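Undergrad: Data: input.cif, mmCIF, C-alpha atoms.
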data_my_file
loop_
_atom_site.label_atom_id
_atom_site.label_comp_id
_atom_site.auth_asym_id
_atom_site.auth_seq_id
_atom_site.Cartn_x
_atom_site.Cartn_y
_atom_site.Cartn_z
CA MET S 1 -11.49 3.23 18.88
CA THR S 2 -10.22 5.53 16.19
CA LYS S 3 -11.97 5.54 12.85
CA PRO S 4 -10.12 3.30 10.35
CA ASP S 5 -9.03 4.71 7.02
CA ALA S 6 -10.17 3.42 3.64
CA ASN S 7 -7.52 0.70 3.50
CA LYS S 8 -8.33 -0.81 6.88
CA VAL S 9 -11.03 -3.17 8.03
CA PRO S 10 -13.10 -2.02 11.02
CA GLY S 11 -12.00 -3.63 14.28
CA TYR S 12 -8.45 -4.50 13.29
CA GLY S 13 -6.34 -1.74 14.77
CA ASN S 14 -3.56 0.26 13.17
CA THR S 15 -0.07 -0.42 11.88
CA ALA S 16 1.76 -0.18 15.20
CA THR S 17 3.85 -3.13 16.37
CA LYS S 18 3.85 -2.55 20.12
CA PRO S 19 3.08 -5.47 22.47
CA PRO S 20 -0.48 -5.85 23.75
CA SER S 21 -1.28 -3.66 26.74
CA GLY S 22 -0.59 -5.50 29.99
CA ALA S 23 1.14 -8.38 28.22
CA GLN S 24 4.77 -9.34 28.41
CA ALA S 25 6.49 -9.41 25.04
CA PRO S 26 8.28 -12.70 24.41
CA PRO S 27 11.97 -12.77 23.46
CA GLY S 28 12.52 -11.51 19.95
CA TYR S 29 9.21 -9.68 19.82
CA GLY S 30 8.20 -7.56 16.85
CA ASN S 31 9.22 -6.97 13.27
CA THR S 32 12.47 -5.25 14.18
CA ALA S 33 13.71 -7.86 16.64
CA THR S 34 16.81 -9.92 15.96
CA PRO S 35 16.20 -13.33 14.39
CA LEU S 36 16.22 -16.55 16.39
CA GLN S 37 19.67 -17.85 17.15
CA SER S 38 20.14 -20.22 20.06
CA ARG S 39 16.54 -20.68 21.21
CA GLY S 40 14.47 -23.78 20.47
CA ALA S 41 10.92 -23.88 19.04
CA ALA S 42 9.32 -23.30 22.41
CA ALA S 43 11.87 -20.54 23.05
CA GLY S 44 11.19 -20.71 26.75
CA LEU S 45 7.57 -19.65 26.23
CA ASP S 46 5.37 -21.23 28.89
CA GLN S 47 2.10 -22.27 27.22
CA SER S 48 0.64 -23.62 30.47
CA LYS S 49 -0.11 -20.15 31.86
CA SER S 50 -2.78 -17.81 30.56
CA THR S 51 -1.43 -14.48 29.34
CA PRO S 52 -3.21 -11.16 30.04
CA LEU S 53 -4.31 -10.99 26.40
CA GLN S 54 -5.57 -14.57 26.51
CA ASN S 55 -7.66 -13.74 29.57
CA GLN S 56 -9.05 -10.69 27.79
CA MET S 57 -9.93 -12.76 24.72
CA ASN S 58 -11.67 -15.43 26.79
CA ARG S 59 -13.90 -13.09 28.77
CA SER S 60 -17.66 -13.11 28.28
CA PHE S 61 -18.66 -10.78 25.46
CA SER S 62 -22.01 -9.05 25.24
CA LYS S 63 -24.28 -9.95 22.36
CA GLN S 64 -23.77 -6.46 20.94
CA GLU S 65 -19.99 -6.89 20.93
CA SER S 66 -20.20 -10.32 19.30
CA ALA S 67 -22.68 -9.14 16.67
CA ARG S 68 -20.59 -6.08 15.82
CA ALA S 69 -17.41 -8.18 15.54
CA TYR S 70 -19.24 -10.61 13.25
CA GLU S 71 -20.29 -7.78 10.94
CA ASP S 72 -16.66 -6.57 10.83
CA TYR S 73 -15.58 -10.11 10.00
CA LYS S 74 -18.09 -10.38 7.13
CA ALA S 75 -16.96 -7.02 5.73
CA GLN S 76 -13.38 -8.20 5.79
CA GLN S 77 -14.17 -11.53 4.15
CA GLY S 78 -15.87 -9.67 1.33
CA ARG S 79 -12.59 -7.99 0.41
CA PHE S 80 -10.73 -11.21 -0.46
CA GLN S 81 -10.56 -11.84 -4.19
CA MET S 82 -10.35 -15.62 -3.82
CA ASN S 83 -12.70 -16.85 -1.14
CA SER S 84 -12.20 -20.27 0.37
CA ASN S 85 -14.75 -22.73 1.67
CA PRO S 86 -13.14 -24.15 4.83
CA GLY S 87 -16.43 -25.67 5.98
CA ASN S 88 -15.98 -28.38 3.31
CA TYR S 89 -12.23 -28.74 3.85
CA LYS S 90 -11.09 -32.23 4.88
CA PRO S 91 -8.10 -31.92 7.24
CA SER S 92 -5.22 -34.35 7.01
CA ALA S 93 -4.48 -36.58 10.01
CA ARG S 94 -1.73 -34.22 11.07
CA GLU S 95 -4.05 -31.22 10.78
CA GLY S 96 -6.64 -33.13 12.79
CA SER S 97 -4.16 -33.32 15.68
CA THR S 98 -3.57 -29.61 15.34
CA ILE S 99 -7.30 -28.82 15.41
CA THR S 100 -7.89 -30.97 18.49
CA SER S 101 -4.98 -29.39 20.33
CA ILE S 102 -6.01 -25.83 19.46
CA GLN S 103 -9.66 -26.35 20.35
CA SER S 104 -8.75 -27.90 23.71
CA ARG S 105 -7.05 -24.72 24.89
CA GLY S 106 -8.18 -21.97 22.54
CA GLY S 107 -11.51 -20.93 24.08
CA TYR S 108 -13.71 -22.29 21.26
CA SER S 109 -16.46 -23.46 23.62
CA SER S 110 -18.51 -20.35 22.81
CA GLY S 111 -18.37 -20.33 19.03
CA SER S 112 -20.03 -16.96 18.51
CA ASP S 113 -17.28 -15.25 20.52
CA TYR S 114 -14.70 -16.30 17.92
CA TYR S 115 -15.27 -13.06 16.02
CA ALA S 116 -14.98 -10.88 19.12
CA ARG S 117 -11.74 -12.65 20.07
CA ARG S 118 -10.29 -11.83 16.67
CA THR S 119 -11.07 -8.16 17.16
CA VAL S 120 -9.50 -8.12 20.63
CA PHE S 121 -6.39 -9.94 19.42
CA TYR S 122 -5.57 -7.73 16.42
CA ASP S 123 -6.54 -4.52 18.19
CA ALA S 124 -4.31 -5.42 21.14
CA TYR S 125 -1.33 -5.92 18.85
CA GLY S 126 -2.23 -2.79 16.89
CA TRP S 127 -1.92 -4.69 13.61
CA SER S 128 -3.72 -3.96 10.37
CA PRO S 129 -3.57 -6.43 7.48
CA PRO S 130 -1.53 -5.18 4.49
CA VAL S 131 -3.80 -4.47 1.54
CA TYR S 132 -2.02 -7.02 -0.66
CA ILE S 133 -3.39 -9.94 1.38
CA TYR S 134 -6.82 -9.39 -0.20
CA ARG S 135 -5.44 -10.52 -3.55
CA SER S 136 -5.46 -14.04 -2.14
CA TYR S 137 -7.65 -16.47 -0.18
CA SER S 138 -9.65 -15.84 2.99
CA SER S 139 -8.35 -19.06 4.52
CA PHE S 140 -5.68 -21.69 3.88
CA GLY S 141 -6.65 -25.23 4.81
CA ILE S 142 -7.51 -25.19 8.51
CA TRP S 143 -6.04 -21.71 9.03
CA ASP S 144 -7.71 -18.32 8.97
CA ALA S 145 -5.76 -16.19 6.48
CA MET S 146 -5.42 -13.30 8.93
CA ILE S 147 -3.34 -15.26 11.45
CA LEU S 148 -0.92 -16.47 8.77
CA TRP S 149 -0.31 -12.98 7.42
CA PHE S 150 0.06 -11.77 11.00
CA MET S 151 2.56 -14.58 11.58
CA LEU S 152 4.53 -13.46 8.52
CA ASP S 153 4.62 -9.86 9.77
CA HIS S 154 5.90 -11.12 13.15
CA ILE S 155 8.27 -13.82 11.94
CA ASN S 156 11.08 -12.34 14.08
CA ASP S 157 8.97 -13.10 17.13
CA ALA S 158 10.12 -16.47 18.50
CA GLN S 159 6.62 -17.87 18.98
CA TYR S 160 5.50 -17.05 15.42
CA ALA S 161 8.70 -18.38 13.90
CA ALA S 162 7.94 -21.55 15.85
CA MET S 163 4.37 -21.55 14.56
CA TYR S 164 5.54 -21.60 10.95
CA TYR S 165 8.27 -24.14 11.64
CA ASN S 166 5.96 -26.59 13.42
CA HIS S 167 3.24 -26.40 10.76
CA GLN S 168 5.28 -25.92 7.59
CA ASP S 169 4.20 -29.34 6.29
CA ASP S 170 0.48 -28.62 6.66
CA PRO S 171 -1.22 -28.36 3.24
CA GLY S 172 -2.74 -25.03 4.21
CA MET S 173 0.57 -23.60 5.37
CA GLN S 174 2.23 -24.71 2.14
CA GLN S 175 -0.54 -23.08 0.12
CA PHE S 176 -0.03 -19.88 2.11
CA LYS S 177 3.71 -19.92 1.40
CA LYS S 178 3.07 -20.27 -2.34
CA GLU S 179 0.57 -17.41 -2.29
CA ALA S 180 2.96 -15.18 -0.36
CA GLU S 181 5.70 -15.96 -2.89
CA ARG S 182 3.33 -15.23 -5.78
CA ILE S 183 2.29 -11.84 -4.43
CA SER S 184 5.85 -10.98 -3.41
CA ALA S 185 6.95 -11.03 -7.05
CA GLU S 186 5.71 -7.45 -7.24
CA ASN S 187 6.50 -6.42 -3.67
CA ALA S 188 10.11 -6.24 -2.46
CA GLU S 189 9.12 -5.72 1.18
CA LEU S 190 6.94 -8.82 1.14
CA LYS S 191 9.68 -10.80 -0.60
CA ALA S 192 12.03 -9.98 2.28
CA LYS S 193 9.42 -11.20 4.77
CA VAL S 194 8.99 -14.47 2.88
CA ALA S 195 12.76 -14.97 2.94
CA LYS S 196 12.57 -14.70 6.74
CA LEU S 197 10.32 -17.77 6.78
CA ASP S 198 13.07 -19.85 5.21
CA GLU S 199 15.70 -18.33 7.51
CA SER S 200 13.68 -19.18 10.60
CA VAL S 201 13.20 -22.77 9.42
CA LYS S 202 16.92 -23.19 8.76
CA SER S 203 17.76 -21.79 12.20
CA LEU S 204 15.45 -24.18 14.04
CA GLU S 205 16.53 -27.15 11.91
CA GLN S 206 20.14 -26.45 12.83
CA GLN S 207 19.10 -26.57 16.47
CA GLY S 208 17.61 -30.03 15.90
CA VAL S 209 14.11 -28.98 16.92
CA LYS S 210 11.52 -31.69 16.20
CA PRO S 211 8.31 -30.27 14.62
CA ASP S 212 5.31 -30.42 16.94
CA PRO S 213 1.86 -30.39 15.22
CA THR S 214 0.21 -29.30 18.49
CA TYR S 215 2.28 -26.14 18.87
CA MET S 216 0.46 -22.81 18.85
CA PRO S 217 1.29 -19.36 20.26
CA SER S 218 -0.92 -19.12 23.36
CA ASP S 219 -2.52 -15.79 22.50
CA ALA S 220 -3.41 -16.88 18.97
CA ALA S 221 -4.95 -20.27 19.79
CA GLY S 222 -8.50 -18.91 20.03
CA ILE S 223 -8.52 -17.26 16.61
CA ALA S 224 -6.12 -19.28 14.46
CA LEU S 225 -8.55 -21.73 12.88
CA ALA S 226 -10.71 -20.67 9.95
CA ALA S 227 -14.29 -19.97 11.04
CA GLY S 228 -15.65 -22.93 9.07
CA VAL S 229 -13.13 -25.29 10.66
CA ALA S 230 -13.59 -23.92 14.17
CA GLY S 231 -17.34 -24.53 14.00
CA THR S 232 -18.25 -21.01 15.04
CA GLY S 233 -21.78 -19.80 15.55
CA VAL S 234 -23.42 -16.65 14.25
CA PRO S 235 -23.99 -14.22 17.14
CA LYS S 236 -27.43 -12.78 17.69
CA SER S 237 -27.87 -9.12 18.48
CA SER S 238 -29.48 -8.29 21.81
CA GLY S 239 -30.60 -4.89 20.63
CA PHE S 240 -33.93 -3.57 21.88
CA PRO S 241 -36.79 -5.28 19.95
CA TRP S 242 -38.22 -2.14 18.40
CA THR S 243 -39.75 -4.03 15.47
CA GLY S 244 -41.84 -6.23 17.70
CA ILE S 245 -43.00 -3.31 19.80
CA ILE S 246 -43.99 -1.28 16.74
CA VAL S 247 -46.03 -4.19 15.39
CA MET S 248 -47.83 -4.53 18.74
CA VAL S 249 -48.57 -0.79 18.91
CA VAL S 250 -49.96 -0.77 15.36
CA ALA S 251 -52.14 -3.79 16.17
CA VAL S 252 -53.52 -2.08 19.27
CA LEU S 253 -54.28 1.11 17.32
CA ILE S 254 -56.09 -0.87 14.64
CA CYS S 255 -58.19 -2.64 17.28
CA MET S 256 -59.04 0.64 18.96
CA HIS S 257 -60.04 2.17 15.62
CA MET S 258 -62.31 -0.77 14.82
CA LEU S 259 -63.96 -0.59 18.24
CA ARG S 260 -64.68 3.10 17.78
CA ARG S 261 -66.29 2.48 14.38
CA ARG S 262 -68.67 -0.07 15.94
CA ARG S 263 -69.94 2.43 18.49
#
Represent the supplied structure as C-alpha cells.

TA:
Amino acid sequence: MTKPDANKVPGYGNTATKPPSGAQAPPGYGNTATPLQSRGAAAGLDQSKSTPLQNQMNRSFSKQESARAYEDYKAQQGRFQMNSNPGNYKPSAREGSTITSIQSRGGYSSGSDYYARRTVFYDAYGWSPPVYIYRSYSSFGIWDAMILWFMLDHINDAQYAAMYYNHQDDPGMQQFKKEAERISAENAELKAKVAKLDESVKSLEQQGVKPDPTYMPSDAAGIALAAGVAGTGVPKSSGFPWTGIIVMVVAVLICMHMLRRRR
C-alpha cells in the first residue's frame, strides 16, 4: 500500500473512483456516471448473491490485520471535530428494522473484523474521505459517517442513490443532510453533490418507488453501521509476546545471581 499523504487517513486508499478489483460495476457507477432515469430503487441489483468484494470483506482476518485496522480507525475518529456517541443512541423503530436487516447479511458475526472490513472496502474503491468531512460528526444516528460521505460522493451510482432514497427519513440520515448543507455553504463542489441527493430522490419518487428500510448496497452492508451500534469488539494483537519473555528471562537471571551469592 502506498504511503498516504498528510490529508489522508491510513488504510483508506486514494482519490480514484475505479470499481473494486474483480467486481462488476453496477449501472450508473461512479461520480461521472449519468443520473438515474428509468431504473427503480433496486436498479436490477441482485442482493441475494455475494459480490467479489463482499467475499473479500468477509474472509477471516489475522489478528495483526484486525489490530492494525482498529488503530487506523481510532486515528481517523480522532480527526472529527464533533464526535458522536452511537453506543448510547436509541434507534427509532424504523432504524431498528434497518439494523436487523443489515446485521443479518452484513458479516457482523465477528465484531472485531468490522475495522478490517472498512479498510478493505474503502481501499478497494480507492476512495479517500474529503478533508471537509472532519468538520462534522463521526457518526449520524445508526450510520458510520464514512459510509454516508462515501454515498454522497457516489450518488450517481444507482445503489447509493437508492441507499439515500430508502433511508432519507432516518433521523441520522436527516442529520447528515443538514450537516452536508451546512458545510457546503463554503464549498461549491460539495453543494453540487448535495443537490444530487435531491435530484435522485425526485427521480425515484417519479418512478413510484416505495421506500424500503431494509435496503442496503450489498458491498457496504458490513461496514455501514456505526461501530457503537454494530456492537463491534476491540481486536487483540497476536504479536510475539516479547514482554512476557523478557520478564521471564530477567526473573531467571535474578534467581541465578542469588544462587551464586549463596555459594

Undergrad: Take the PyMOL selection byres ((chain S and resi 136) around 10), run it mentally on this structure, and tell me the resulting residues as a PyMOL selection string.

TA: chain S and resi 79-84+132-135+137-140+145+176+179-180+182-183

Undergrad: Taking C-alpha atoms for each residue, export the selection above as a tab-separated table (two decimals), keeping the file's coordinate frame.

TA:
chain	number	residue	atom	x	y	z
S	79	ARG	CA	-12.59	-7.99	0.41
S	80	PHE	CA	-10.73	-11.21	-0.46
S	81	GLN	CA	-10.56	-11.84	-4.19
S	82	MET	CA	-10.35	-15.62	-3.82
S	83	ASN	CA	-12.70	-16.85	-1.14
S	84	SER	CA	-12.20	-20.27	0.37
S	132	TYR	CA	-2.02	-7.02	-0.66
S	133	ILE	CA	-3.39	-9.94	1.38
S	134	TYR	CA	-6.82	-9.39	-0.20
S	135	ARG	CA	-5.44	-10.52	-3.55
S	137	TYR	CA	-7.65	-16.47	-0.18
S	138	SER	CA	-9.65	-15.84	2.99
S	139	SER	CA	-8.35	-19.06	4.52
S	140	PHE	CA	-5.68	-21.69	3.88
S	145	ALA	CA	-5.76	-16.19	6.48
S	176	PHE	CA	-0.03	-19.88	2.11
S	179	GLU	CA	0.57	-17.41	-2.29
S	180	ALA	CA	2.96	-15.18	-0.36
S	182	ARG	CA	3.33	-15.23	-5.78
S	183	ILE	CA	2.29	-11.84	-4.43

Undergrad: Would you write out, as a ChimeraX atom specification, every residue that the PyMOL selection byres ((chain S and resi 206-213) around 10) captures in this file?

TA: /S:37-42,94-99,101,162-170,200-205,214-216

Undergrad: Closest to S:Val229 among S:Ala93, S:Val120, S:Ile142, S:Val131, using all atoms listed in the file?

TA: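 Result for the nearest residue to S:Val229: S:Ile142.
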
Undergrad: I'd like the residues picked by the PyMOL selection byres ((chain S and resi 191) around 12) written out as a list in words, using the chain letters and numbers from the file.

TA: Leu152, Asp153, Lys177, Lys178, Glu179, Ala180, Glu181, Arg182, Ile183, Ser184, Ala185, Glu186, Asn187, Ala188, Glu189, Leu190, Ala192, Lys193, Val194, Ala195, Lys196, Leu197 and Asp198 of chain S

Undergrad: Taking only C-alpha atoms into account, which of S:Ala220, S:Ala161, S:Ile254, S:Ala116 comes nearest S:Tyr70?

TA: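 So, comparing all the options, the nearest one is S:Ala116.
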
Undergrad: Expressed in Å to a single decimal, how great is the separation between atom CA of S:Ser62 and atom CA of S:Gly78?

TA: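 About the pair atom CA of S:Ser62 and atom CA of S:Gly78: they are 24.7 Å apart.
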
Undergrad: If you measure from atom CA of S:Gly231 to atom CA of S:Ala67, what distance in Å do you get, rounded to one decimal?

TA: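 Distance between the two atoms: 16.5 Å.
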
Undergrad: May I ask for the distance between atom CA of S:Ser50 and atom CA of S:Ser128, given in Å to one decimal place?

TA: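 We find that atom CA of S:Ser50 and atom CA of S:Ser128 lie 24.5 Å from each other.
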
Undergrad: Using all atoms listed in the file, which of the listed residues (S:Trp143, S:Tyr114, S:Phe121, S:Phe61) sits closest to S:Tyr89?

TA: S:Trp143
